[in-house]
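Written below as structure tokens is the structure these notes are about.
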Amino acid sequence: MLASGVGVEPDLIRASALFERAAAAGDAFAAFNLASMLRRAAGDGDRVVELLRQASAGGVAEASLMLATRAADRGFEAEARGLYELAATQGSAEAMPLLAVRYRDGIGGAVSRVEALRWFLKMLDHGNGDGVHEAMSLARMMHPTDILRAAELAGRSADAPMRTGTRPPCPRWTCSQPVGQAGT
């Protein structure tokens, strides 16, 4: 409330002191809030990065996302990919498409269509349908079992065939075409 002036006059000095004490006691959100205040005032110094790491380790997705973007901006793509994955796993909808593209294109590590599709599909859980077209395009190049695996990882097994324009693999005696051919 002191930092943003909600119900009181803004007092950044007192807010900073309270955030500092709470962060020192291990509060991840206080560390993130203090890092955000310091970043606005002085940029990305060592203290800001230290606080963002503390917040990230404490489960604050926004902190992980900020660290990932910082690493990517500096050309540390492997580190950025790991941090985008952490942010996405922590629930950052903003990190999910960034991570999916990195897996799809092999930025910061090996190409993984399964992981790329997973994160494009997971975006739907956060009300972001932007990944649907990417998912459909990617699924055209994948085996149905890989599509289903990605959907399972995303927690979207039931609608993977519908979303990707595929159907799950089936025993050869019940399919009109062998698995892996067009239309399967």
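Following the order of the structure tokens, chains are lettered A, B, ..., residues in each are numbered from 1, and ligands are numbered from 1.
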
Note to self: Using only C-alpha atoms, which protein or nucleic acid residues come within 12 Å of A:Ala68? Drop anything in the same chain fewer than 4 positions from it, and give the result as an NGL selection string.
What the structure shows: :A and (49 or 52-53 or 56 or 61-64 or 72-88 or 92 or 94-96 or 98-99 or 108)

Check: Excluding same-chain residues fewer than 4 positions from stretch 27-34 of chain A, what lies within 7 Å of it counting only C-alpha atoms, as an NGL selection string?
Finding: :A and (16 or 19-20 or 22-23 or 38 or 51-52 or 54-55 or 58 or 60 or 63)

Checklist line | Per-residue DSSP, chain A, filtered to helix (DSSP H, G or I), as number ranges by chain | finding: A: 12-24, 28-42, 46-57, 61-73, 77-89, 95-105, 113-126, 131-139, 144-154, 157-164

Margin query: Between atom CA of A:Ala139 and atom CA of A:Leu65, what distance in Å does the model show, to one decimal?
Written below: 26.8 Å

Next item on the list: Just the residues within 9 Å of A:Leu138, please, counting only C-alpha atoms, with nothing from its chain fewer than 5 positions along; format it as a PyMOL selection string.
Entry: chain A and resi 104+113+116-117+133+164
